[in-house]
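Source file entry_32.txt; content: compact mmCIF, C-alpha atoms.
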```txt
# COMPACT_ATOMS: atom_id res chain seq x y z
CA MET A 386 -50.04 3.33 -49.39
CA SER A 387 -49.80 1.49 -46.05
CA ARG A 388 -46.38 1.17 -44.48
CA ALA A 389 -47.97 -1.18 -41.95
CA ALA A 390 -48.95 -3.52 -44.81
CA LEU A 391 -45.35 -3.44 -46.03
CA LEU A 392 -44.17 -4.51 -42.58
CA VAL A 393 -46.69 -7.35 -42.48
CA LEU A 394 -45.62 -8.64 -45.91
CA ALA A 395 -41.89 -8.38 -45.15
CA ASP A 396 -42.18 -9.87 -41.66
CA GLY A 397 -40.36 -13.18 -41.34
CA ARG A 398 -43.33 -14.45 -39.33
CA PHE A 399 -45.71 -13.97 -42.26
CA PRO A 400 -46.84 -17.59 -42.85
CA ALA A 401 -45.41 -17.97 -46.34
CA GLY A 402 -43.06 -20.88 -45.59
CA GLY A 403 -39.75 -19.06 -45.96
CA HIS A 404 -38.49 -20.20 -42.55
CA ALA A 405 -38.00 -23.73 -43.95
CA HIS A 406 -35.60 -22.58 -46.67
CA SER A 407 -31.97 -21.46 -46.39
CA GLY A 408 -31.66 -19.71 -49.76
CA GLY A 409 -28.60 -21.80 -50.61
CA ALA A 410 -26.90 -21.21 -47.27
CA GLU A 411 -27.04 -24.84 -46.12
CA PRO A 412 -24.99 -26.26 -49.02
CA ALA A 413 -22.68 -23.24 -48.86
CA VAL A 414 -21.99 -23.95 -45.19
CA LYS A 415 -21.36 -27.65 -45.86
CA ALA A 416 -18.97 -26.77 -48.70
CA GLY A 417 -17.02 -24.44 -46.39
CA ARG A 418 -17.93 -21.34 -48.38
CA VAL A 419 -19.73 -19.75 -45.42
CA ARG A 420 -17.87 -20.10 -42.12
CA ASN A 421 -18.40 -16.80 -40.32
CA ALA A 422 -20.13 -13.41 -40.48
CA ALA A 423 -17.74 -12.07 -43.14
CA ASP A 424 -18.48 -15.04 -45.40
CA LEU A 425 -22.19 -14.61 -44.76
CA ALA A 426 -21.99 -10.98 -45.85
CA GLU A 427 -20.30 -11.91 -49.13
CA PHE A 428 -22.76 -14.73 -49.76
CA CYS A 429 -25.74 -12.45 -49.16
CA ARG A 430 -24.25 -9.67 -51.28
CA GLY A 431 -23.71 -12.01 -54.20
CA ARG A 432 -27.21 -13.45 -53.93
CA LEU A 433 -28.75 -9.99 -53.65
CA HIS A 434 -27.16 -8.57 -56.79
CA THR A 435 -27.86 -11.61 -58.99
CA ALA A 436 -30.85 -13.84 -58.26
CA GLY A 437 -32.16 -11.22 -55.83
CA LEU A 438 -32.27 -8.46 -58.42
CA THR A 439 -34.01 -10.75 -60.90
CA SER A 440 -36.65 -11.83 -58.37
CA ALA A 441 -37.18 -8.30 -57.09
CA ALA A 442 -37.82 -7.04 -60.62
CA LEU A 443 -40.34 -9.82 -61.27
CA ALA A 444 -42.18 -8.92 -58.07
CA ALA A 445 -42.11 -5.23 -58.94
CA ALA A 446 -43.49 -5.98 -62.40
CA ALA A 447 -46.35 -8.01 -60.91
CA ALA A 448 -47.12 -5.17 -58.50
CA ALA A 449 -47.10 -2.77 -61.47
CA GLY A 450 -49.88 -4.75 -63.13
CA LEU A 451 -48.05 -6.75 -65.80
CA ASP A 452 -49.57 -10.08 -66.83
CA PRO A 453 -48.72 -12.52 -64.00
CA LEU A 454 -48.89 -15.57 -66.27
CA ALA A 455 -46.37 -14.03 -68.67
CA LEU A 456 -44.22 -13.07 -65.69
CA ASP A 457 -44.42 -16.63 -64.39
CA GLU A 458 -43.08 -17.87 -67.72
CA ALA A 459 -40.35 -15.23 -67.57
CA ALA A 460 -39.43 -16.46 -64.10
CA ASP A 461 -39.15 -20.02 -65.42
CA ALA A 462 -36.81 -18.83 -68.17
CA ARG A 463 -34.65 -17.05 -65.59
CA THR A 464 -34.41 -20.08 -63.29
CA PRO A 465 -32.27 -22.75 -64.98
CA SER A 466 -32.15 -25.07 -61.95
CA PRO A 467 -35.10 -27.51 -61.79
CA ALA A 468 -34.67 -27.68 -58.01
CA LEU A 469 -34.95 -23.91 -57.68
CA ARG A 470 -37.96 -23.80 -60.01
CA ALA A 471 -39.69 -26.39 -57.83
CA THR A 472 -38.79 -24.45 -54.69
CA ALA A 473 -40.05 -21.17 -56.16
CA ARG A 474 -43.41 -22.74 -57.01
CA LYS A 475 -43.72 -24.44 -53.63
CA LEU A 476 -43.04 -21.13 -51.89
CA GLY A 477 -45.42 -19.41 -54.29
CA ARG A 478 -48.18 -21.84 -53.37
CA GLN A 479 -47.66 -21.16 -49.67
CA MET A 480 -47.45 -17.40 -50.27
CA MET A 481 -50.68 -17.60 -52.24
CA ARG A 482 -52.51 -19.22 -49.31
CA ALA A 483 -51.28 -16.58 -46.89
CA ALA A 484 -51.87 -13.67 -49.25
CA ARG A 485 -55.43 -14.66 -50.20
CA ALA A 486 -56.33 -15.00 -46.54
CA THR A 487 -54.75 -11.65 -45.68
CA TRP A 488 -55.58 -9.47 -48.70
CA PRO A 489 -58.38 -11.13 -50.75
CA SER A 490 -57.96 -10.22 -54.41
CA ALA A 491 -59.52 -11.24 -57.72
CA GLU A 492 -56.05 -11.15 -59.29
CA LEU A 493 -54.67 -13.56 -56.70
CA ASP A 494 -57.71 -15.82 -57.20
CA ALA A 495 -57.20 -15.84 -60.97
CA LEU A 496 -53.52 -16.74 -60.67
CA ALA A 497 -54.28 -19.48 -58.14
CA THR A 498 -56.78 -20.97 -60.59
CA ALA A 499 -54.37 -20.74 -63.52
CA ARG A 500 -51.42 -22.15 -61.54
CA PRO A 501 -52.90 -24.67 -59.05
CA ARG A 502 -49.45 -26.17 -58.39
CA GLY A 503 -48.07 -22.74 -57.57
CA ALA A 504 -46.70 -19.75 -59.46
CA HIS A 505 -43.19 -18.47 -58.81
CA GLN A 506 -43.04 -16.87 -55.39
CA PRO A 507 -41.92 -13.37 -56.53
CA ILE A 508 -44.94 -13.14 -58.85
CA VAL A 509 -47.32 -14.04 -56.05
CA LEU A 510 -45.60 -11.64 -53.68
CA GLY A 511 -45.93 -8.84 -56.24
CA LEU A 512 -49.66 -9.48 -56.59
CA ALA A 513 -49.98 -9.64 -52.80
CA ALA A 514 -48.26 -6.26 -52.54
CA ARG A 515 -50.64 -4.89 -55.18
CA ALA A 516 -53.64 -6.25 -53.26
CA ALA A 517 -52.32 -4.64 -50.07
CA GLY A 518 -52.12 -1.24 -51.78
CA LEU A 519 -48.33 -1.26 -52.07
CA GLY A 520 -46.26 -0.20 -55.07
CA PRO A 521 -43.63 -1.90 -57.24
CA GLU A 522 -40.67 -0.63 -55.22
CA ASP A 523 -42.31 -1.86 -52.02
CA ALA A 524 -42.64 -5.34 -53.54
CA ALA A 525 -39.01 -5.18 -54.67
CA HIS A 526 -37.92 -4.21 -51.15
CA CYS A 527 -39.75 -7.22 -49.70
CA VAL A 528 -37.99 -9.60 -52.06
CA ALA A 529 -34.58 -7.98 -51.61
CA TYR A 530 -34.87 -8.25 -47.84
CA GLU A 531 -36.07 -11.85 -48.01
CA VAL A 532 -33.16 -12.78 -50.27
CA VAL A 533 -30.64 -11.88 -47.57
CA SER A 534 -32.60 -12.39 -44.35
CA GLY A 535 -33.38 -16.03 -45.16
CA PRO A 536 -29.73 -17.09 -45.44
CA ALA A 537 -28.77 -14.96 -42.43
CA THR A 538 -31.37 -16.67 -40.25
CA ALA A 539 -30.37 -20.09 -41.58
CA VAL A 540 -26.67 -19.55 -40.87
CA VAL A 541 -27.46 -18.67 -37.25
CA ARG A 542 -28.90 -22.18 -36.94
CA LEU A 543 -26.35 -23.96 -39.12
CA LEU A 544 -23.21 -22.47 -37.56
CA SER A 545 -24.53 -21.27 -34.21
CA LEU A 546 -23.51 -17.84 -35.49
CA ASP A 547 -24.14 -15.05 -33.02
CA PRO A 548 -27.53 -13.58 -34.06
CA PHE A 549 -26.20 -10.10 -33.29
CA ASP A 550 -23.49 -10.63 -35.91
CA ALA A 551 -26.03 -11.91 -38.44
CA THR A 552 -28.27 -8.89 -37.85
CA ALA A 553 -25.28 -6.58 -38.25
CA VAL A 554 -24.65 -8.15 -41.66
CA LEU A 555 -28.20 -7.27 -42.71
CA ALA A 556 -27.87 -3.73 -41.39
CA ARG A 557 -24.64 -3.13 -43.30
CA LEU A 558 -26.29 -4.39 -46.48
CA ALA A 559 -29.22 -1.97 -46.12
CA PRO A 560 -27.93 0.62 -48.65
CA GLU A 561 -27.44 -2.14 -51.21
CA LEU A 562 -30.92 -3.48 -50.52
CA ASP A 563 -32.32 -0.03 -51.25
CA ALA A 564 -30.28 0.24 -54.45
CA VAL A 565 -31.40 -3.18 -55.72
CA ALA A 566 -35.05 -2.38 -54.97
CA ARG A 567 -34.76 0.88 -56.92
CA ARG A 568 -33.12 -0.87 -59.88
CA ALA A 569 -35.81 -3.53 -59.82
CA ALA A 570 -38.64 -0.96 -59.76
CA LEU A 571 -37.06 1.00 -62.62
CA ALA A 572 -36.73 -2.20 -64.67
CA ALA A 573 -40.38 -3.00 -64.01
CA ALA A 574 -41.41 0.47 -65.18
CA GLU A 575 -39.36 -0.04 -68.32
CA ALA A 576 -40.98 -3.44 -68.89
CA VAL A 577 -44.43 -1.82 -68.80
CA VAL A 578 -43.40 0.15 -71.90
CA GLU A 579 -40.95 -2.15 -73.69
CA GLY A 580 -42.01 -5.65 -72.65
CA LEU A 581 -40.67 -8.32 -70.34
CA ASP A 582 -37.28 -8.53 -72.03
CA ALA A 583 -36.48 -5.29 -70.18
CA LEU A 584 -36.47 -7.20 -66.89
CA PRO A 585 -33.05 -8.28 -65.59
CA ALA A 586 -31.90 -11.88 -65.96
CA ALA A 587 -28.89 -11.83 -63.63
CA SER A 588 -27.78 -15.33 -62.69
CA ALA A 589 -25.74 -17.05 -60.00
CA PRO A 590 -24.55 -20.37 -61.50
CA LEU A 591 -22.98 -21.57 -58.25
CA LEU A 592 -26.34 -21.20 -56.47
CA ASP A 593 -27.91 -23.32 -59.21
CA VAL A 594 -25.23 -26.01 -58.88
CA MET A 595 -25.50 -26.09 -55.08
CA ALA A 596 -29.31 -26.23 -55.25
CA GLU A 597 -29.20 -29.32 -57.44
CA ALA A 598 -26.75 -31.03 -55.10
CA HIS A 599 -28.73 -30.05 -52.01
CA ALA A 600 -31.97 -31.43 -53.47
CA ALA A 601 -30.35 -34.89 -53.61
CA TRP A 602 -29.23 -34.95 -49.97
CA PRO A 603 -30.99 -37.74 -48.03
CA VAL A 604 -30.83 -35.69 -44.80
CA ARG A 605 -30.95 -31.89 -44.57
CA LEU A 606 -32.09 -29.26 -42.13
CA PHE A 607 -33.70 -26.97 -44.72
CA ALA A 608 -35.91 -27.71 -47.72
CA SER A 609 -33.63 -25.68 -49.99
```
Would you mind writing the file's structure down as structure tokens?
Amino acid sequence: MSRAALLVLADGRFPAGGHAHSGGAEPAVKAGRVRNAADLAEFCRGRLHTAGLTSAALAAAAAAGLDPLALDEAADARTPSPALRATARKLGRQMMRAARATWPSAELDALATARPRGAHQPIVLGLAARAAGLGPEDAAHCVAYEVVSGPATAVVRLLSLDPFDATAVLARLAPELDAVARRAALAAAEAVVEGLDALPAASAPLLDVMAEAHAAWPVRLFAS
């Protein structure tokens, strides 16, 4: 298992399109729910333990070798917001391009053929991790980190928040990132035996509501 490959996949500069998305931070800032570093920490914590856990488990399951098409359907069922489903598939399409160029894989090729408009991003990331020789918990770590680093980076731009403060938020969340990644990997292992219903379906209704509102904005800094 290559730790260098894990760093490449988790790097914010990996060309998977995440820099254009705020993970719900932009509408949260506009609504006054995120105003400073303390608010950012609570926002990231809530996202990590709900939608983040669900996405991390889906990625871990894909890395464990479960059927990616079935996982893609499971991701749809766990994403009630049409705006977030569209975003997940757009990000999945971009992740697929980057992953196939970086770690060519027959499994990635097959999923790209079956889902030409894009599979959900966590599924693609899990297959990319598998192609890179990484394990389910590695894939879960990548998703968990992305779930909080995206909003943190966005809030630096949206609020001119001190980047040192934003990075400190991520550092303080590190133990919870580890815990979520472990839970996600354990759920994926259980799903291998018991089926996809063993995967978590934690939800964040306010993120769904804000995503729908944000999608209708005529002018916005981030795509989501």
- Message: Calculated over all atoms listed in the file, which of the candidates A:Ala426, A:Lys415, A:Arg515, A:Leu510 has the smallest distance to A:Ala491?
- Response: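 Closest candidate: A:Arg515.
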I'd like a table as a tab-separated table: residues in stretch 498-593 of chain A with an atom no more than 12 Å from stretch 418-421 of chain A, each row giving the shortest atom pair and its distance in Å to one decimal, all atoms listed in the file counted, sorted by chain and rising residue number.
```
residue	atom	partner	partner_atom	distance
A:Pro536	CA	A:Val419	CA	10.3
A:Ala537	CA	A:Val419	CA	10.7
A:Ala539	CA	A:Val419	CA	11.3
A:Val540	CA	A:Val419	CA	8.3
A:Val541	CA	A:Asn421	CA	9.7
A:Leu543	CA	A:Arg420	CA	9.8
A:Leu544	CA	A:Arg420	CA	7.4
A:Ser545	CA	A:Asn421	CA	9.7
A:Leu546	CA	A:Asn421	CA	7.1
A:Asp547	CA	A:Asn421	CA	9.4
A:Pro548	CA	A:Asn421	CA	11.5
A:Asp550	CA	A:Asn421	CA	9.1
A:Ala551	CA	A:Asn421	CA	9.3
A:Val554	CA	A:Asn421	CA	10.8
A:Leu591	CA	A:Arg418	CA	11.1
A:Leu592	CA	A:Arg418	CA	11.7
```
- Item | Neighbour list for stretch 440-444 of chain A as a PyMOL selection string, cut-off 9 Å, only C-alpha atoms, skip fewer than 5 positions in-chain | chain A and resi 435+449+456-457+459-460+506-512+514+521-522+524-529+532+565-566+568-573+584-586
- Message: Please report the interatomic distance between atom CA of A:Pro412 and atom CA of A:Ala598 in Å with one decimal.
- Response: 7.9 Å
- Among A:Leu433, A:Val604, A:Ala445, A:Ala422, A:Asp523 is approached most closely, using all atoms listed in the file, by A:Ala445
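For the choices A:Gly402, A:Pro467, A:Gly518, A:Gly417, the atom-to-atom distance to A:Ala601 is smallest for A:Pro467 when using only C-alpha atoms.
In this structure, atom CA of A:Met595 sits 9.2 Å away from atom CA of A:Ala416.
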- Item | Top pick for closest residue to A:Trp488, considering A:Leu451, A:Val393, A:Ala513, A:Ala471 and counting only C-alpha atoms | A:Ala513
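Closest approach to A:Leu469 among A:Arg542, A:His404, A:His505, A:Arg388 is made by A:His505 (distances from all atoms listed in the file).
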- Message: Would you compute the distance between atom CA of A:Thr464 and atom CA of A:Ala499? Give it in Å to one decimal.
- Response: 20.0 Å
- Item | Given only C-alpha atoms as the counted atoms, nearest of A:Leu555, A:Ala495, A:Met480, A:Ala486 to A:Leu425 |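 Once distances to A:Leu425 are computed over only C-alpha atoms, the minimum belongs to A:Leu555.
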